[in-house]
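Peer 1: For reference, the file coords_39.csv (CSV, C-alpha atoms) is included below:
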```
chain,number,residue,atom,x,y,z
C,1,MET,CA,82.2,109.1,105.5
C,2,LYS,CA,84.4,107.0,103.4
C,3,LEU,CA,87.1,108.3,101.1
C,4,ILE,CA,87.7,106.3,98.0
C,5,ARG,CA,91.0,106.8,96.3
C,6,TYR,CA,90.9,108.1,92.8
C,7,GLN,CA,91.2,105.3,90.2
C,8,ALA,CA,92.9,105.9,86.9
C,9,PRO,CA,90.3,105.7,84.1
C,10,ASN,CA,91.9,102.6,82.6
C,11,SER,CA,91.4,100.7,85.8
C,12,ALA,CA,87.9,102.0,86.5
C,13,PRO,CA,85.1,99.4,86.7
C,14,TRP,CA,83.4,100.9,83.7
C,15,ALA,CA,86.4,100.0,81.5
C,16,ALA,CA,84.8,96.6,81.5
C,17,LEU,CA,81.9,98.0,79.4
C,18,ASP,CA,83.6,97.1,76.2
C,19,ARG,CA,84.0,93.5,77.3
C,20,TRP,CA,80.6,92.1,77.8
C,21,SER,CA,81.7,88.9,79.6
C,22,ASP,CA,83.6,90.9,82.1
C,23,LEU,CA,80.7,93.1,82.6
C,24,ARG,CA,78.4,90.2,83.2
C,25,ASP,CA,80.9,88.7,85.7
C,26,GLU,CA,81.1,92.1,87.4
C,27,LEU,CA,77.4,92.3,87.7
C,28,ASN,CA,77.1,88.8,89.0
C,29,SER,CA,79.7,89.3,91.6
C,30,PHE,CA,78.0,92.6,92.6
C,31,PHE,CA,74.8,90.8,93.3
C,32,ASP,CA,76.6,88.0,95.2
C,33,MET,CA,78.3,90.6,97.4
C,34,PRO,CA,77.0,90.7,101.0
C,35,PHE,CA,77.5,94.5,101.1
C,36,TRP,CA,74.8,94.8,103.7
C,37,SER,CA,76.7,92.8,106.2
C,38,GLY,CA,79.3,95.5,106.4
C,39,SER,CA,82.2,93.2,106.8
C,40,GLY,CA,84.2,90.5,105.1
C,41,ARG,CA,84.4,90.4,101.4
C,42,THR,CA,84.1,93.5,99.3
C,43,GLY,CA,84.2,93.3,95.6
C,44,GLN,CA,86.7,95.0,93.3
C,45,LEU,CA,84.0,97.7,92.6
C,46,PHE,CA,84.2,99.0,96.2
C,47,THR,CA,87.8,98.4,97.1
C,48,GLY,CA,89.5,101.7,97.7
C,49,TRP,CA,93.0,100.4,98.0
C,50,SER,CA,94.3,97.9,95.6
C,51,PRO,CA,98.1,97.6,95.9
C,52,ALA,CA,100.0,96.7,92.7
C,53,ILE,CA,101.3,93.2,92.4
C,54,ASP,CA,104.0,92.0,90.0
C,55,LEU,CA,104.6,88.3,89.5
C,56,TYR,CA,107.8,86.8,88.2
C,57,GLN,CA,108.5,83.2,87.2
C,58,SER,CA,111.7,81.3,87.0
C,59,GLY,CA,112.5,77.6,86.6
C,60,ASP,CA,111.9,76.6,90.2
C,61,HIS,CA,109.9,79.4,91.8
C,62,PHE,CA,107.5,82.4,91.6
C,63,LEU,CA,108.1,85.8,93.1
C,64,ALA,CA,105.3,88.1,93.9
C,65,VAL,CA,106.3,91.8,94.5
C,66,VAL,CA,103.7,94.0,96.1
C,67,GLU,CA,103.9,97.7,96.7
C,68,LEU,CA,102.8,98.4,100.3
C,69,PRO,CA,104.3,101.6,101.5
C,70,GLY,CA,104.2,102.6,105.1
C,71,MET,CA,102.9,99.4,106.6
C,72,ARG,CA,103.9,97.5,109.7
C,73,LYS,CA,105.1,94.0,109.1
C,74,GLU,CA,102.6,92.6,111.6
C,75,ASP,CA,99.7,94.2,109.7
C,76,ILE,CA,100.3,92.2,106.5
C,77,ASP,CA,98.7,88.7,106.1
C,78,ILE,CA,99.8,86.3,103.4
C,79,SER,CA,97.8,83.1,102.7
C,80,LEU,CA,97.9,80.4,100.1
C,81,HIS,CA,94.9,78.4,99.2
C,82,ASP,CA,94.3,76.2,96.2
C,83,GLY,CA,97.0,77.8,94.2
C,84,THR,CA,95.8,81.3,94.9
C,85,LEU,CA,98.0,83.7,96.8
C,86,THR,CA,96.1,86.2,98.9
C,87,ILE,CA,97.7,89.2,100.5
C,88,SER,CA,95.6,91.3,102.8
C,89,GLY,CA,96.1,93.7,105.6
C,90,GLU,CA,95.3,96.9,107.2
C,91,ARG,CA,97.0,100.3,107.3
C,92,LYS,CA,96.1,102.0,110.5
C,93,ARG,CA,96.0,105.7,111.0
C,94,ASP,CA,98.9,106.3,113.3
C,95,SER,CA,97.9,109.7,114.7
C,96,ASN,CA,95.1,110.3,117.1
C,97,ASN,CA,93.9,113.5,115.4
C,98,ASN,CA,94.7,115.7,118.4
C,99,GLY,CA,94.5,119.3,117.0
C,100,GLU,CA,95.3,118.0,113.6
C,101,THR,CA,93.6,119.0,110.4
C,102,ALA,CA,93.9,116.9,107.3
C,103,GLN,CA,94.4,119.1,104.3
C,104,ARG,CA,95.0,116.5,101.6
C,105,THR,CA,94.1,112.9,101.9
C,106,GLU,CA,95.2,110.9,98.9
C,107,ARG,CA,96.6,108.1,100.9
C,108,TYR,CA,94.3,105.3,101.6
C,109,VAL,CA,93.9,104.1,105.2
C,110,GLY,CA,92.1,100.8,106.0
C,111,THR,CA,92.0,97.3,104.8
C,112,PHE,CA,93.0,95.8,101.4
C,113,ARG,CA,92.8,92.3,99.9
C,114,ARG,CA,94.5,91.1,96.7
C,115,SER,CA,94.5,87.6,95.3
C,116,ILE,CA,96.5,86.2,92.4
C,117,SER,CA,96.3,82.8,90.9
C,118,LEU,CA,99.6,81.0,90.4
C,119,PRO,CA,100.0,79.2,87.1
C,120,THR,CA,101.4,76.0,88.6
C,121,ARG,CA,101.3,74.3,92.0
C,122,VAL,CA,103.7,75.6,94.7
C,123,ASP,CA,105.2,74.0,97.8
C,124,SER,CA,103.2,75.9,100.5
C,125,SER,CA,105.6,74.8,103.2
C,126,LYS,CA,108.5,76.7,101.7
C,127,VAL,CA,106.9,80.0,101.0
C,128,ALA,CA,109.0,82.9,102.4
C,129,ALA,CA,108.4,86.6,102.5
C,130,THR,CA,110.4,89.8,103.2
C,131,TYR,CA,109.2,93.4,103.7
C,132,GLU,CA,111.7,96.1,102.9
C,133,ASP,CA,111.4,99.7,101.7
C,134,GLY,CA,107.7,99.3,101.5
C,135,ILE,CA,107.9,96.4,99.1
C,136,LEU,CA,106.7,92.9,100.1
C,137,LYS,CA,108.3,90.1,98.3
C,138,VAL,CA,106.9,86.6,98.5
C,139,THR,CA,108.9,83.7,97.2
C,140,LEU,CA,106.9,80.6,96.3
C,141,PRO,CA,109.0,77.6,95.3
C,142,LYS,CA,107.2,75.4,92.7
C,143,ALA,CA,106.0,72.0,93.8
C,144,GLU,CA,108.3,69.2,92.6
C,145,GLU,CA,106.0,68.0,89.9
C,146,ALA,CA,105.7,71.5,88.4
C,147,LYS,CA,109.4,72.1,88.0
C,148,PRO,CA,110.9,71.8,84.6
C,149,LYS,CA,112.8,68.5,84.1
C,150,GLN,CA,115.5,67.4,81.7
C,151,ILE,CA,114.9,64.1,80.2
C,152,GLN,CA,117.9,62.1,79.1
C,153,VAL,CA,117.7,60.3,75.8
C,154,SER,CA,119.1,56.9,76.4
M,1,MET,CA,94.7,131.2,105.5
M,2,ASN,CA,96.6,127.9,105.6
M,3,THR,CA,96.8,126.6,102.1
M,4,LEU,CA,99.7,124.5,103.4
M,5,THR,CA,101.1,123.8,100.2
M,6,ARG,CA,99.4,124.5,97.0
M,7,GLU,CA,100.4,122.0,94.5
M,8,THR,CA,102.4,123.1,91.6
M,9,ARG,CA,100.8,121.9,88.4
M,10,GLU,CA,103.1,119.7,86.6
M,11,SER,CA,101.4,119.7,83.3
M,12,ASP,CA,102.5,123.2,82.3
M,13,ARG,CA,106.1,122.3,82.1
M,14,ARG,CA,107.8,120.1,79.6
M,15,GLN,CA,109.7,117.2,81.0
M,16,ALA,CA,111.9,114.5,79.4
M,17,GLU,CA,111.5,112.0,82.2
M,18,GLN,CA,108.1,110.6,83.2
M,19,PHE,CA,107.3,110.4,86.9
M,20,ILE,CA,104.6,108.8,88.9
M,21,MET,CA,102.6,111.2,91.0
M,22,ALA,CA,103.0,109.5,94.4
M,23,PRO,CA,99.9,109.7,96.7
M,24,ALA,CA,100.4,112.3,99.4
M,25,GLY,CA,98.7,113.3,102.6
M,26,VAL,CA,99.0,116.7,104.3
M,27,THR,CA,98.2,117.3,107.9
M,28,GLU,CA,98.3,120.6,109.8
M,29,ILE,CA,99.5,120.4,113.3
M,30,SER,CA,99.7,123.2,115.8
M,31,ASP,CA,103.2,124.4,114.9
M,32,GLY,CA,103.5,123.2,111.3
M,33,TYR,CA,102.6,120.6,108.7
M,34,THR,CA,103.3,117.0,108.1
M,35,LEU,CA,103.5,115.8,104.6
M,36,GLU,CA,103.5,112.1,103.8
M,37,ILE,CA,104.2,110.6,100.4
M,38,GLU,CA,104.1,107.0,99.3
M,39,MET,CA,107.2,105.9,97.5
M,40,PRO,CA,107.5,102.2,97.7
M,41,GLY,CA,111.0,100.8,96.7
M,42,VAL,CA,112.8,104.1,97.4
M,43,LYS,CA,115.7,104.0,99.8
M,44,LYS,CA,117.2,106.9,101.7
M,45,ASP,CA,119.9,107.4,99.0
M,46,GLY,CA,117.3,107.6,96.3
M,47,LEU,CA,115.5,110.5,97.9
M,48,GLU,CA,116.1,114.0,96.6
M,49,ILE,CA,114.3,116.9,98.3
M,50,SER,CA,114.8,120.5,97.3
M,51,VAL,CA,113.3,123.9,97.8
M,52,GLU,CA,113.7,126.5,95.1
M,53,ASN,CA,111.7,129.6,94.7
M,54,ASN,CA,109.4,128.5,97.5
M,55,GLU,CA,108.7,125.3,95.6
M,56,LEU,CA,109.2,122.0,97.3
M,57,THR,CA,110.2,119.1,95.1
M,58,ILE,CA,110.5,115.5,96.3
M,59,ILE,CA,111.9,113.0,93.9
M,60,GLY,CA,112.2,109.4,94.8
M,61,ARG,CA,114.4,107.1,92.6
M,62,ARG,CA,114.0,103.4,93.0
M,63,SER,CA,117.0,101.1,92.8
M,64,LEU,CA,115.1,98.0,92.2
M,65,PRO,CA,117.4,95.0,92.4
M,66,ALA,CA,117.4,92.7,89.4
M,67,VAL,CA,114.9,89.9,89.9
M,68,GLU,CA,115.6,86.4,88.7
M,69,GLY,CA,113.0,85.1,86.3
M,70,THR,CA,110.6,86.5,83.8
M,71,LEU,CA,107.8,88.9,84.5
M,72,ILE,CA,104.5,87.2,83.9
M,73,HIS,CA,102.1,89.7,85.4
M,74,ARG,CA,102.7,93.4,85.9
M,75,GLU,CA,100.7,96.1,87.7
M,76,SER,CA,103.4,98.4,89.0
M,77,ARG,CA,104.8,101.2,86.9
M,78,PRO,CA,108.5,101.4,86.3
M,79,GLU,CA,109.0,105.2,86.6
M,80,ASN,CA,110.4,107.1,89.5
M,81,PHE,CA,108.3,109.2,91.8
M,82,ARG,CA,107.9,113.0,92.0
M,83,ARG,CA,105.7,115.5,93.8
M,84,MET,CA,105.9,119.2,93.8
M,85,PHE,CA,104.3,121.7,96.2
M,86,GLU,CA,104.3,125.4,96.6
M,87,LEU,CA,105.2,126.2,100.2
M,88,ASP,CA,102.8,128.3,102.3
M,89,PRO,CA,104.5,131.5,103.3
M,90,SER,CA,104.2,130.6,107.0
M,91,ILE,CA,106.6,127.7,106.6
M,92,ASP,CA,110.2,128.1,107.6
M,93,ALA,CA,111.9,126.4,104.6
M,94,ASN,CA,115.2,126.1,106.5
M,95,LYS,CA,113.8,123.9,109.1
M,96,ILE,CA,112.1,121.3,106.9
M,97,SER,CA,113.2,117.8,107.9
M,98,ALA,CA,112.5,114.4,106.3
M,99,LYS,CA,112.7,110.7,106.9
M,100,ILE,CA,111.8,107.6,105.0
M,101,ASP,CA,110.5,104.4,106.5
M,102,GLN,CA,109.2,101.4,104.5
M,103,GLY,CA,108.7,103.5,101.4
M,104,LEU,CA,106.8,106.3,103.2
M,105,VAL,CA,108.4,109.7,103.1
M,106,THR,CA,107.5,111.9,106.0
M,107,LEU,CA,108.4,115.6,105.9
M,108,THR,CA,108.0,117.9,108.9
M,109,LEU,CA,107.4,121.5,107.8
M,110,PRO,CA,107.5,123.8,110.9
M,111,LYS,CA,105.9,127.2,110.8
M,112,ALA,CA,108.2,130.2,111.1
M,113,GLU,CA,108.5,131.6,114.7
M,114,HIS,CA,106.8,134.9,113.7
M,115,VAL,CA,103.6,133.1,112.6
M,116,LYS,CA,103.2,130.8,115.6
M,117,PRO,CA,100.4,131.7,118.0
M,118,ARG,CA,101.6,133.3,121.1
M,119,LYS,CA,100.2,134.7,124.3
M,120,ILE,CA,100.9,138.3,125.2
M,121,ALA,CA,101.2,138.9,128.8
M,122,VAL,CA,99.3,141.9,130.1
M,123,SER,CA,101.6,144.0,132.2
```
As structure tokens, what does this structure read like?

Peer 2:
Amino acid sequence: MKLIRYQAPNSAPWAALDRWSDLRDELNSFFDMPFWSGSGRTGQLFTGWSPAIDLYQSGDHFLAVVELPGMRKEDIDISLHDGTLTISGERKRDSNNNGETAQRTERYVGTFRRSISLPTRVDSSKVAATYEDGILKVTLPKAEEAKPKQIQVS
Amino acid sequence: MNTLTRETRESDRRQAEQFIMAPAGVTEISDGYTLEIEMPGVKKDGLEISVENNELTIIGRRSLPAVEGTLIHRESRPENFRRMFELDPSIDANKISAKIDQGLVTLTLPKAEHVKPRKIAVS
């Protein structure tokens, strides 16, 4: 049995109903989804856990802030591909259920995967991340050509 | 039996401050209960746990450091966290302990001695 965390109505998939293009995309991605394979990619429709991401921009870098309470550092994966930052990982159930009875399970256990496109190119060799108080912070310095430049009038 | 902690409905009270209802998990173990609540961004100092009239309240206040730059995409909510539970009468409220690690609050709620199962020796 799979428990799927409650989604607030405004983030539910059917909120797309009033935006036909989104609905079409959603349907297309649904049919593209290899859900019978039982592994790998799962579309937004079936993702139980979708951690919140905030993205900040300053002159020379981006900062992604992700809420990931109760994880272990080594269970978080960060990757950068074609200007898309992907954060994935797995929260493992840490108890072995010996004589335990779950009475309330709102917390999601399992894998998650989130991607966010960055507006400009970043220098992938200088990406740094910290994990503290259940918050993951990924600093992505902009690539040289994407940084704002002052041009002197001669 | 064992309604660990019935949740106190928050909607029937007026409140000035808005809180996020943090996701929680309750597990019954042989001599008590474990309550886990997700409060990302909350440090030990920001945590406020109280029991009043058999009602357990957990408030987590985030002290988010100022971030350089402008916010261009937001999914998180800026409010603080709160959860309230009504304690099961079997819980010894004086022995509740709590810890916070990576934004996950874990409370241990032991059952009172008189409700723990015990063997009675036949003399």

Peer 1: Could you tell me how far atom CA of M:Ile91 lies from atom CA of M:Tyr33, in Å and to one decimal?

Peer 2: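 Separation between atom CA of M:Ile91 and atom CA of M:Tyr33: 8.4 Å.
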
Peer 1: Nearest to M:Ile49: which of M:Val122, M:Asp101, M:Arg61, M:Glu79 is it, counting all atoms listed in the file?

Peer 2: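 For M:Ile49, the nearest of the given residues is M:Arg61.
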
Peer 1: Which residue out of C:Gly110, C:Gly70, C:Asp54, C:Val127 has the minimum interatomic distance to M:Val105 when only C-alpha atoms are used?

Peer 2: C:Gly70

Peer 1: Out of C:Ser79, C:Ser88, C:Ser124, C:Thr130, which residue has the shortest atom-to-atom distance to C:Thr111 when counting only C-alpha atoms?

Peer 2: C:Ser88

Peer 1: Can you list every residue of chain M that has an atom at most 10 Å from chain C, with its nearest atom pair and the distance in Å to one decimal, using only C-alpha atoms, ordered by chain then number, as a tab-separated table?

Peer 2:
```
residue	atom	partner	partner_atom	distance
M:Asn2	CA	C:Gln103	CA	9.2
M:Thr3	CA	C:Gln103	CA	8.2
M:Leu4	CA	C:Gln103	CA	7.6
M:Thr5	CA	C:Gln103	CA	9.2
M:Ala22	CA	C:Glu106	CA	9.1
M:Pro23	CA	C:Glu106	CA	5.3
M:Ala24	CA	C:Glu106	CA	5.4
M:Gly25	CA	C:Thr105	CA	4.7
M:Val26	CA	C:Arg104	CA	4.8
M:Thr27	CA	C:Ala102	CA	4.4
M:Glu28	CA	C:Thr101	CA	5.0
M:Ile29	CA	C:Glu100	CA	4.8
M:Ser30	CA	C:Gly99	CA	6.6
M:Gly32	CA	C:Glu100	CA	10.0
M:Tyr33	CA	C:Glu100	CA	9.2
M:Thr34	CA	C:Ala102	CA	9.4
M:Leu35	CA	C:Arg104	CA	9.0
M:Glu36	CA	C:Arg107	CA	8.5
M:Ile37	CA	C:Arg107	CA	8.0
M:Glu38	CA	C:Pro69	CA	5.8
M:Met39	CA	C:Pro69	CA	6.5
M:Pro40	CA	C:Gly134	CA	4.8
M:Gly41	CA	C:Asp133	CA	5.1
M:Val42	CA	C:Asp133	CA	6.3
M:Lys43	CA	C:Asp133	CA	6.4
M:Lys44	CA	C:Asp133	CA	9.2
M:Arg62	CA	C:Asp133	CA	9.8
M:Val67	CA	C:Tyr56	CA	7.9
M:Glu68	CA	C:Ser58	CA	6.6
M:Gly69	CA	C:Ser58	CA	4.1
M:Thr70	CA	C:Gln57	CA	5.2
M:Leu71	CA	C:Tyr56	CA	4.3
M:Ile72	CA	C:Tyr56	CA	5.4
M:His73	CA	C:Leu55	CA	5.0
M:Arg74	CA	C:Asp54	CA	4.5
M:Glu75	CA	C:Ala52	CA	5.1
M:Ser76	CA	C:Ala52	CA	5.3
M:Arg77	CA	C:Ala52	CA	8.8
M:Ile100	CA	C:Asp133	CA	8.6
M:Asp101	CA	C:Gly70	CA	6.7
M:Gln102	CA	C:Asp133	CA	3.9
M:Gly103	CA	C:Gly134	CA	4.3
M:Leu104	CA	C:Gly70	CA	4.9
M:Val105	CA	C:Gly70	CA	8.5
M:Thr106	CA	C:Gly70	CA	9.9
```

Peer 1: Distance atom CA of C:Val109-atom CA of M:Asp92, one decimal place?

Peer 2: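 Result for atom CA of C:Val109 versus atom CA of M:Asp92: 29.1 Å, one decimal.
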
Peer 1: So how many Å separate atom CA of C:Lys142 and atom CA of M:Ala66, to one decimal?

Peer 2: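 Atom CA of M:Ala66 lies 20.4 Å from atom CA of C:Lys142.
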
Peer 1: Which is closest to M:Val115 among M:Thr57, M:Ser90, M:Ser50, M:Gln18, if we use only C-alpha atoms?

Peer 2: M:Ser90
